[in-house]
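Structure data (mmCIF, C-alpha atoms) from target_15.cif:
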data_data
#
loop_
_atom_site.group_PDB
_atom_site.id
_atom_site.type_symbol
_atom_site.label_atom_id
_atom_site.label_comp_id
_atom_site.auth_asym_id
_atom_site.auth_seq_id
_atom_site.Cartn_x
_atom_site.Cartn_y
_atom_site.Cartn_z
ATOM 1 C CA MET A 4 39.936 41.532 15.372
ATOM 2 C CA ASP A 5 36.594 40.019 16.161
ATOM 3 C CA LEU A 6 34.021 38.598 13.789
ATOM 4 C CA SER A 7 31.305 40.799 12.297
ATOM 5 C CA LEU A 8 28.104 39.362 10.866
ATOM 6 C CA SER A 9 25.197 40.996 9.083
ATOM 7 C CA THR A 10 22.404 39.542 6.998
ATOM 8 C CA ARG A 11 20.188 40.891 4.253
ATOM 9 C CA THR A 12 17.700 39.437 1.798
ATOM 10 C CA VAL A 13 18.115 39.641 -1.973
ATOM 11 C CA GLY A 14 15.142 38.045 -3.726
ATOM 12 C CA ASP A 15 14.840 34.525 -2.343
ATOM 13 C CA ARG A 16 18.461 34.491 -1.166
ATOM 14 C CA THR A 17 19.817 35.446 2.235
ATOM 15 C CA VAL A 18 23.221 37.089 2.141
ATOM 16 C CA VAL A 19 25.413 36.709 5.234
ATOM 17 C CA GLU A 20 28.174 39.296 5.153
ATOM 18 C CA VAL A 21 31.131 38.157 7.247
ATOM 19 C CA GLY A 22 34.035 40.340 8.317
ATOM 20 C CA GLY A 23 37.140 39.859 10.452
ATOM 21 C CA GLU A 24 38.706 36.590 11.513
ATOM 22 C CA ILE A 25 37.003 33.199 11.492
ATOM 23 C CA ASP A 26 38.956 30.937 13.820
ATOM 24 C CA VAL A 27 38.514 28.507 16.692
ATOM 25 C CA TYR A 28 37.284 31.354 18.927
ATOM 26 C CA THR A 29 34.907 33.167 16.586
ATOM 27 C CA ALA A 30 33.635 30.286 14.401
ATOM 28 C CA PRO A 31 30.905 29.306 16.921
ATOM 29 C CA LYS A 32 29.258 32.723 16.322
ATOM 30 C CA LEU A 33 29.085 32.040 12.586
ATOM 31 C CA ARG A 34 27.726 28.545 13.301
ATOM 32 C CA GLU A 35 24.975 30.027 15.503
ATOM 33 C CA GLN A 36 24.061 32.524 12.772
ATOM 34 C CA LEU A 37 23.793 29.841 10.083
ATOM 35 C CA VAL A 38 21.805 27.494 12.344
ATOM 36 C CA GLU A 39 19.424 30.326 13.241
ATOM 37 C CA LEU A 40 18.852 31.256 9.605
ATOM 38 C CA VAL A 41 18.079 27.663 8.634
ATOM 39 C CA ASN A 42 15.772 27.267 11.637
ATOM 40 C CA GLU A 43 13.940 30.412 10.480
ATOM 41 C CA GLY A 44 13.433 28.857 7.050
ATOM 42 C CA HIS A 45 16.207 30.538 5.065
ATOM 43 C CA TYR A 46 17.512 27.701 2.905
ATOM 44 C CA HIS A 47 19.323 29.585 0.125
ATOM 45 C CA LEU A 48 22.326 31.250 1.706
ATOM 46 C CA ILE A 49 25.147 33.303 0.244
ATOM 47 C CA VAL A 50 28.115 33.802 2.558
ATOM 48 C CA ASP A 51 29.990 36.929 1.469
ATOM 49 C CA MET A 52 33.589 36.500 2.646
ATOM 50 C CA GLU A 53 35.111 39.551 1.007
ATOM 51 C CA GLY A 54 35.637 41.164 4.421
ATOM 52 C CA VAL A 55 37.271 38.078 5.967
ATOM 53 C CA ASP A 56 40.923 38.559 6.964
ATOM 54 C CA PHE A 57 41.592 35.060 8.248
ATOM 55 C CA LEU A 58 39.936 31.653 7.920
ATOM 56 C CA ASP A 59 41.049 28.373 9.490
ATOM 57 C CA SER A 60 39.799 24.787 9.478
ATOM 58 C CA THR A 61 37.299 25.514 12.251
ATOM 59 C CA GLY A 62 35.682 28.050 9.932
ATOM 60 C CA LEU A 63 35.712 25.536 7.085
ATOM 61 C CA GLY A 64 33.984 23.055 9.386
ATOM 62 C CA VAL A 65 31.243 25.581 10.155
ATOM 63 C CA LEU A 66 30.666 26.264 6.454
ATOM 64 C CA VAL A 67 30.476 22.526 5.711
ATOM 65 C CA GLY A 68 28.000 22.186 8.597
ATOM 66 C CA GLY A 69 25.934 25.021 7.107
ATOM 67 C CA LEU A 70 25.943 23.332 3.719
ATOM 68 C CA LYS A 71 24.706 20.076 5.268
ATOM 69 C CA ARG A 72 21.873 21.927 6.984
ATOM 70 C CA VAL A 73 20.603 23.766 3.896
ATOM 71 C CA ARG A 74 20.942 20.662 1.736
ATOM 72 C CA ALA A 75 18.666 18.829 4.161
ATOM 73 C CA HIS A 76 16.011 21.328 2.993
ATOM 74 C CA GLU A 77 17.060 21.205 -0.671
ATOM 75 C CA GLY A 78 18.682 24.583 -0.229
ATOM 76 C CA SER A 79 22.030 25.984 -1.279
ATOM 77 C CA LEU A 80 25.062 27.656 0.257
ATOM 78 C CA ARG A 81 27.222 29.776 -2.041
ATOM 79 C CA LEU A 82 30.375 31.623 -1.148
ATOM 80 C CA VAL A 83 31.649 34.961 -2.419
ATOM 81 C CA CYS A 84 35.419 35.266 -2.239
ATOM 82 C CA ASN A 85 38.167 36.801 -4.366
ATOM 83 C CA GLN A 86 41.010 36.691 -1.879
ATOM 84 C CA GLU A 87 43.771 34.333 -2.935
ATOM 85 C CA ARG A 88 44.916 33.541 0.620
ATOM 86 C CA ILE A 89 41.393 32.453 1.586
ATOM 87 C CA LEU A 90 40.772 30.568 -1.668
ATOM 88 C CA LYS A 91 44.008 28.643 -1.112
ATOM 89 C CA ILE A 92 42.581 27.043 2.041
ATOM 90 C CA PHE A 93 39.555 25.808 0.090
ATOM 91 C CA ARG A 94 41.860 24.410 -2.583
ATOM 92 C CA ILE A 95 44.224 22.481 -0.311
ATOM 93 C CA THR A 96 41.301 20.877 1.501
ATOM 94 C CA GLY A 97 39.502 20.019 -1.746
ATOM 95 C CA LEU A 98 36.483 22.108 -0.737
ATOM 96 C CA THR A 99 36.443 24.068 -4.005
ATOM 97 C CA LYS A 100 34.623 20.986 -5.322
ATOM 98 C CA VAL A 101 32.049 21.192 -2.552
ATOM 99 C CA PHE A 102 31.192 24.899 -2.489
ATOM 100 C CA PRO A 103 30.177 27.065 -5.441
ATOM 101 C CA ILE A 104 32.534 30.056 -5.083
ATOM 102 C CA HIS A 105 31.604 33.306 -6.816
ATOM 103 C CA SER A 106 33.455 36.557 -7.422
ATOM 104 C CA SER A 107 30.540 38.811 -6.452
ATOM 105 C CA VAL A 108 27.255 38.724 -4.564
ATOM 106 C CA ASP A 109 25.443 39.641 -7.793
ATOM 107 C CA GLU A 110 26.940 36.617 -9.531
ATOM 108 C CA ALA A 111 25.976 34.366 -6.609
ATOM 109 C CA VAL A 112 22.411 35.729 -6.598
ATOM 110 C CA ALA A 113 22.097 35.129 -10.335
ATOM 111 C CA ALA A 114 23.446 31.561 -10.111
ATOM 112 C CA THR A 115 20.865 28.830 -10.228
ATOM 113 C CA ASP A 116 22.835 25.589 -10.115
ATOM 114 C CA MET B 26 67.101 27.619 23.367
ATOM 115 C CA ALA B 27 63.989 29.044 21.728
ATOM 116 C CA THR B 28 64.142 32.597 20.406
ATOM 117 C CA VAL B 29 60.666 33.203 21.774
ATOM 118 C CA GLU B 30 58.603 30.815 23.838
ATOM 119 C CA LEU B 31 54.900 31.118 24.628
ATOM 120 C CA ARG B 32 52.750 29.236 27.072
ATOM 121 C CA PHE B 33 49.037 29.904 27.064
ATOM 122 C CA SER B 34 45.956 28.500 28.782
ATOM 123 C CA ALA B 35 44.163 26.074 26.499
ATOM 124 C CA LEU B 36 41.412 28.518 25.546
ATOM 125 C CA PRO B 37 40.325 29.377 21.978
ATOM 126 C CA GLU B 38 40.649 33.134 22.574
ATOM 127 C CA HIS B 39 44.428 32.839 23.000
ATOM 128 C CA VAL B 40 45.081 31.131 19.670
ATOM 129 C CA ARG B 41 44.956 34.469 17.852
ATOM 130 C CA THR B 42 47.682 35.831 20.137
ATOM 131 C CA ALA B 43 49.898 32.851 19.302
ATOM 132 C CA ARG B 44 49.308 33.455 15.573
ATOM 133 C CA LEU B 45 50.238 37.115 15.798
ATOM 134 C CA VAL B 46 53.376 36.489 17.853
ATOM 135 C CA ALA B 47 54.542 33.670 15.580
ATOM 136 C CA ALA B 48 54.073 35.808 12.462
ATOM 137 C CA ALA B 49 55.907 38.746 14.033
ATOM 138 C CA VAL B 50 58.880 36.616 15.104
ATOM 139 C CA ALA B 51 58.952 34.833 11.732
ATOM 140 C CA ARG B 52 59.033 38.161 9.908
ATOM 141 C CA ARG B 53 61.946 39.344 12.042
ATOM 142 C CA ALA B 54 63.774 36.075 11.474
ATOM 143 C CA GLY B 55 63.674 36.678 7.729
ATOM 144 C CA VAL B 56 60.833 34.400 6.611
ATOM 145 C CA ASP B 57 59.612 35.681 3.261
ATOM 146 C CA GLU B 58 56.571 37.971 3.376
ATOM 147 C CA SER B 59 54.759 35.748 0.874
ATOM 148 C CA VAL B 60 54.988 32.816 3.309
ATOM 149 C CA LEU B 61 53.895 34.642 6.468
ATOM 150 C CA ASP B 62 50.215 33.939 5.793
ATOM 151 C CA GLU B 63 51.065 30.236 5.716
ATOM 152 C CA VAL B 64 53.027 30.491 8.963
ATOM 153 C CA ARG B 65 50.122 32.284 10.613
ATOM 154 C CA LEU B 66 47.595 29.715 9.428
ATOM 155 C CA ALA B 67 49.746 26.667 10.260
ATOM 156 C CA VAL B 68 50.506 27.898 13.784
ATOM 157 C CA GLY B 69 46.833 28.698 14.307
ATOM 158 C CA GLU B 70 45.837 25.208 13.191
ATOM 159 C CA ALA B 71 48.424 23.528 15.423
ATOM 160 C CA CYS B 72 47.382 25.641 18.427
ATOM 161 C CA SER B 73 43.649 25.082 17.799
ATOM 162 C CA ARG B 74 44.301 21.360 17.641
ATOM 163 C CA ALA B 75 46.285 21.462 20.904
ATOM 164 C CA VAL B 76 43.537 23.489 22.619
ATOM 165 C CA GLY B 77 40.962 20.939 21.448
ATOM 166 C CA LEU B 78 43.052 18.007 22.704
ATOM 167 C CA HIS B 79 43.534 19.632 26.125
ATOM 168 C CA ARG B 80 39.849 20.422 26.497
ATOM 169 C CA ARG B 81 38.646 16.997 25.414
ATOM 170 C CA SER B 82 41.172 15.297 27.675
ATOM 171 C CA GLY B 83 40.402 17.578 30.639
ATOM 172 C CA ILE B 84 44.015 18.766 30.885
ATOM 173 C CA ASP B 85 44.666 22.128 32.563
ATOM 174 C CA ASP B 86 48.284 22.509 31.417
ATOM 175 C CA ALA B 87 49.311 25.303 29.090
ATOM 176 C CA VAL B 88 49.847 24.849 25.358
ATOM 177 C CA ARG B 89 53.537 25.434 24.516
ATOM 178 C CA VAL B 90 54.766 27.248 21.435
ATOM 179 C CA LYS B 91 58.502 27.502 20.687
ATOM 180 C CA LEU B 92 59.725 29.805 17.959
ATOM 181 C CA VAL B 93 63.332 29.080 17.050
ATOM 182 C CA GLU B 94 65.560 31.013 14.664
ATOM 183 C CA GLN B 95 68.103 28.712 13.107
ATOM 184 C CA GLU B 96 70.780 29.559 10.585
ATOM 185 C CA LYS B 97 68.740 28.729 7.519
ATOM 186 C CA ARG B 98 65.336 27.728 8.881
ATOM 187 C CA PHE B 99 62.695 29.170 11.161
ATOM 188 C CA LEU B 100 61.334 26.406 13.377
ATOM 189 C CA ILE B 101 58.024 26.345 15.217
ATOM 190 C CA GLU B 102 57.057 23.676 17.746
ATOM 191 C CA VAL B 103 53.574 23.474 19.184
ATOM 192 C CA GLY B 104 53.378 21.115 22.134
ATOM 193 C CA ASP B 105 50.291 19.723 23.813
ATOM 194 C CA GLY B 106 50.100 17.930 27.137
ATOM 195 C CA VAL B 107 48.332 14.823 25.890
ATOM 196 C CA PRO B 108 50.706 11.824 25.959
ATOM 197 C CA GLY B 109 50.320 9.536 22.991
ATOM 198 C CA ALA B 110 48.104 11.965 21.078
ATOM 199 C CA THR B 111 50.103 12.304 17.905
ATOM 200 C CA GLY B 112 47.122 12.365 15.596
ATOM 201 C CA ALA B 113 43.394 12.806 15.495
ATOM 202 C CA GLU B 114 42.933 9.488 17.287
ATOM 203 C CA ALA B 115 42.976 11.248 20.666
ATOM 204 C CA GLY B 116 39.752 12.955 19.609
ATOM 205 C CA SER B 117 38.085 9.695 18.713
ATOM 206 C CA HIS B 118 38.721 8.413 22.237
ATOM 207 C CA ALA B 119 37.017 11.401 23.829
ATOM 208 C CA ILE B 120 33.857 10.578 25.674
ATOM 209 C CA ASP B 121 31.741 13.709 25.276
ATOM 210 C CA GLY B 122 28.870 13.790 22.793
ATOM 211 C CA SER B 123 30.547 16.048 20.242
ATOM 212 C CA ALA B 124 33.639 13.854 20.043
ATOM 213 C CA GLY B 125 33.066 12.827 16.442
ATOM 214 C CA GLU B 126 32.695 16.392 15.220
ATOM 215 C CA ASP B 127 35.704 17.543 17.250
ATOM 216 C CA ALA B 128 37.831 14.721 15.902
ATOM 217 C CA ALA B 129 36.729 15.615 12.366
ATOM 218 C CA GLU B 130 37.769 19.226 12.965
ATOM 219 C CA ALA B 131 41.125 18.075 14.356
ATOM 220 C CA ALA B 132 41.624 15.932 11.272
ATOM 221 C CA MET B 133 40.765 18.878 9.013
ATOM 222 C CA GLY B 134 43.268 21.012 10.942
ATOM 223 C CA LEU B 135 46.007 18.457 10.315
ATOM 224 C CA ALA B 136 44.972 18.278 6.648
ATOM 225 C CA VAL B 137 45.429 22.038 6.352
ATOM 226 C CA ILE B 138 48.837 21.934 8.075
ATOM 227 C CA SER B 139 49.964 19.067 5.834
ATOM 228 C CA GLY B 140 48.855 20.991 2.761
ATOM 229 C CA LEU B 141 50.669 24.144 3.840
ATOM 230 C CA VAL B 142 53.927 22.982 5.362
ATOM 231 C CA ASP B 143 56.596 21.100 3.418
ATOM 232 C CA ASP B 144 58.762 20.390 6.451
ATOM 233 C CA LEU B 145 56.364 18.912 8.979
ATOM 234 C CA ASP B 146 56.845 16.369 11.747
ATOM 235 C CA ILE B 147 54.146 15.213 14.127
ATOM 236 C CA GLY B 148 55.770 13.502 17.076
ATOM 237 C CA SER B 149 56.008 13.724 20.834
ATOM 238 C CA ASP B 150 58.259 14.664 23.730
ATOM 239 C CA GLU B 151 58.160 13.940 27.473
ATOM 240 C CA ASN B 152 55.093 16.187 27.919
ATOM 241 C CA GLY B 153 52.901 15.057 25.041
ATOM 242 C CA GLY B 154 52.434 15.548 21.317
ATOM 243 C CA VAL B 155 54.541 18.036 19.372
ATOM 244 C CA VAL B 156 53.883 19.465 15.917
ATOM 245 C CA ARG B 157 57.181 20.674 14.399
ATOM 246 C CA MET B 158 57.163 22.887 11.334
ATOM 247 C CA SER B 159 59.876 24.899 9.651
ATOM 248 C CA TRP B 160 60.289 27.388 6.835
ATOM 249 C CA PRO B 161 63.365 28.728 5.062
ATOM 250 C CA VAL B 162 64.681 32.160 6.006
ATOM 251 C CA ALA B 163 66.338 34.722 3.783
ATOM 252 C CA VAL B 164 70.142 34.745 3.943
ATOM 253 C CA HIS B 165 70.091 38.326 5.190
ATOM 254 C CA PRO B 166 67.386 38.640 7.827
ATOM 255 C CA VAL B 167 65.511 41.851 8.417
ATOM 256 C CA LEU B 168 67.640 44.237 10.464
ATOM 257 C CA PRO B 169 66.170 46.220 13.351
#
Could you quickly redo this structure as structure tokens?
Amino acid sequence: MDLSLSTRTVGDRTVVEVGGEIDVYTAPKLREQLVELVNEGHYHLIVDMEGVDFLDSTGLGVLVGGLKRVRAHEGSLRLVCNQERILKIFRITGLTKVFPIHSSVDEAVAATD
Amino acid sequence: MATVELRFSALPEHVRTARLVAAAVARRAGVDESVLDEVRLAVGEACSRAVGLHRRSGIDDAVRVKLVEQEKRFLIEVGDGVPGATGAEAGSHAIDGSAGEDAAEAAMGLAVISGLVDDLDIGSDENGGVVRMSWPVAVHPVLP
């Protein structure tokens, strides 16, 4: 399965809905999307990962890169994820301390800090 | 002799194939369903790392994946063709501009494998580095 990406705006937040598999082959597409959004001035991103079937360390690297980019503009990058097998990867790498992870897009939109 | 052996060109698009094959063979060997996600992820990480090492080192050889059913364990070996590259240090010696980022990704890949796999050995053979991982299998494997 390939990677699907779509974006929408909710208030001052930009939601990136990701579906499919994020791995060494597809992660560059997600990186391009995040870089493009930041270059266009979208600094408050929500990455909705509810449709993600697989995530590896390359994908984690892209998300960390995205976080660095938005932080350079005092922005934010929040994740939406309820899937245990995806959350496990964030836990074993210690990245649950780095990313705010929410159970719904609504919750992520409402979050301020 | 390996139960199933794969050799694939060191290209990112083939890593998914290796993941799917490894998970299918592991399931047949009797690896518990609850662990198959870990097998899939660990194999993917090891293959991604091997692909990265080959590309950074300019090596055209195939990445080798051996899937071996043993009596009580299911063994996976992922071999690269980079002699002496048993860790992320091979990445730090790369000369292209993105070497630092690549090496960081390789290190993160190893961190994920280490976190997932209890029985892990990162060593080498006559061809290059080898990541060996194994998981327990059920006493009565899945019948055809």
request  = Identify the residues around (21.6, 33.4, 2.7) within a radius of 6 Å, measuring from all atoms listed in the file in the coordinates stated by the file, and give them as a list in words.
outcome  =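 The requested residues, written out, are Arg16, Thr17, Val18, Val19, His47, Leu48 and Ile49 of chain A.
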Closest contacts (chain A/chain B, max 8 Å, all atoms listed in the file) as CSV:
residue,atom,partner,partner_atom,distance
A:Val27,CA,B:Pro37,CA,5.7
A:Tyr28,CA,B:Pro37,CA,4.7
A:Asp59,CA,B:Leu66,CA,6.7
A:Ser60,CA,B:Gly134,CA,5.3
A:Thr61,CA,B:Glu130,CA,6.3
A:Gly64,CA,B:Glu130,CA,6.5
A:Arg88,CA,B:Asp62,CA,7.4
A:Ile92,CA,B:Val137,CA,7.2
A:Ile95,CA,B:Gly140,CA,5.8
A:Thr96,CA,B:Val137,CA,6.5
task = Extract, using all atoms listed in the file, all DNA, RNA and protein residues at most 12 Å from Asn85 (chain A), discarding same-chain residues fewer than 6 positions from it, and format them as a ChimeraX atom specification.
result = /A:51-56,91,93,104-108
ask   = Contacts of region 74-76 of chain A at 12 Å or less, counting only C-alpha atoms, minus same-chain residues fewer than 4 places along, as a PyMOL selection string?
value = chain A and resi 41-48+67-70+80-81+101-102
Proximity to Gln36 (chain A) - best of A:Leu58, A:Leu6, A:Thr99, A:Gly23, only C-alpha atoms =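 Smallest distance to Gln36 (chain A) is found for A:Leu6.
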task = Could you jot down the CA of Ile89 (chain A) to CA of Ala87 (chain B) separation for me, Å, one decimal place?
result =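 One can read the CA of Ile89 (chain A) to CA of Ala87 (chain B) distance as 29.5 Å.
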task = Enter the distance from CA of Val90 (chain B) to CA of Phe33 (chain B), in Å, rounded to one decimal.
result =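 Interatomic distance, CA of Val90 (chain B) to CA of Phe33 (chain B): 8.5 Å.
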I need every residue sitting at most 8 Å from the point (29.8, 31.8, 9.0) (coordinates as in the file, all atoms listed in the file considered), written as a PDB file with C-alpha atoms, in the frame of the given file.
ATOM      1  CA  LEU A   8      28.104  39.362  10.866  1.00  0.00           C
ATOM      2  CA  VAL A  19      25.413  36.709   5.234  1.00  0.00           C
ATOM      3  CA  VAL A  21      31.131  38.157   7.247  1.00  0.00           C
ATOM      4  CA  ILE A  25      37.003  33.199  11.492  1.00  0.00           C
ATOM      5  CA  ALA A  30      33.635  30.286  14.401  1.00  0.00           C
ATOM      6  CA  LYS A  32      29.258  32.723  16.322  1.00  0.00           C
ATOM      7  CA  LEU A  33      29.085  32.040  12.586  1.00  0.00           C
ATOM      8  CA  ARG A  34      27.726  28.545  13.301  1.00  0.00           C
ATOM      9  CA  GLN A  36      24.061  32.524  12.772  1.00  0.00           C
ATOM     10  CA  LEU A  37      23.793  29.841  10.083  1.00  0.00           C
ATOM     11  CA  VAL A  50      28.115  33.802   2.558  1.00  0.00           C
ATOM     12  CA  GLY A  62      35.682  28.050   9.932  1.00  0.00           C
ATOM     13  CA  VAL A  65      31.243  25.581  10.155  1.00  0.00           C
ATOM     14  CA  LEU A  66      30.666  26.264   6.454  1.00  0.00           C
TER      15      LEU A  66
END
request  = Could you check how far CA of Asp26 (chain A) sits from CA of Ile84 (chain B), in Å to one decimal?
outcome  =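 About the pair CA of Asp26 (chain A) and CA of Ile84 (chain B): they are 21.6 Å apart.
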request  = Step by step, work through what the PyMOL selection byres ((chain B and resi 31) around 6) selects in the shown file, and finish by giving those residues as a ChimeraX atom specification.
outcome  = /B:30,32,89-90
Residue nearest Ala75 (chain B) - candidates B:Ala163, B:Val156, B:Val142, B:Leu45, atoms counted: only C-alpha atoms = B:Val156
If the PyMOL selection byres ((chain B and resi 102) around 7) were run on this exact file, what residues would it hold? Put them as a short mmCIF file (atom, residue, chain, number, x, y, z; two decimals) with C-alpha atoms, in the coordinates of the input.
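What ended up in part00.cif:
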data_model
loop_
_atom_site.label_atom_id
_atom_site.label_comp_id
_atom_site.auth_asym_id
_atom_site.auth_seq_id
_atom_site.Cartn_x
_atom_site.Cartn_y
_atom_site.Cartn_z
CA VAL B 90 54.77 27.25 21.44
CA LYS B 91 58.50 27.50 20.69
CA LEU B 92 59.72 29.80 17.96
CA LEU B 100 61.33 26.41 13.38
CA ILE B 101 58.02 26.34 15.22
CA VAL B 103 53.57 23.47 19.18
CA GLY B 104 53.38 21.12 22.13
CA VAL B 155 54.54 18.04 19.37
CA VAL B 156 53.88 19.46 15.92
CA ARG B 157 57.18 20.67 14.40
CA MET B 158 57.16 22.89 11.33
#
message = I need the residue nearest Ala35 (chain B) from this list: B:Val107, B:Asp86, B:Asp146, B:Trp160. Use all atoms listed in the file for the distance.
response =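 For Ala35 (chain B), the nearest of the candidates is B:Asp86.
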Selection result for the PyMOL selection byres ((chain B and resi 51) around 12) on this file, as a PyMOL selection string = chain B and resi 28-29+43-50+52-65+68+91-95+98-101+159-163+166-167
key: Pick from A:Leu63, A:Pro31, A:Glu20, A:Thr10 nearest to Leu90 (chain A), counting only C-alpha atoms   =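 Nearest to Leu90 (chain A): A:Leu63.
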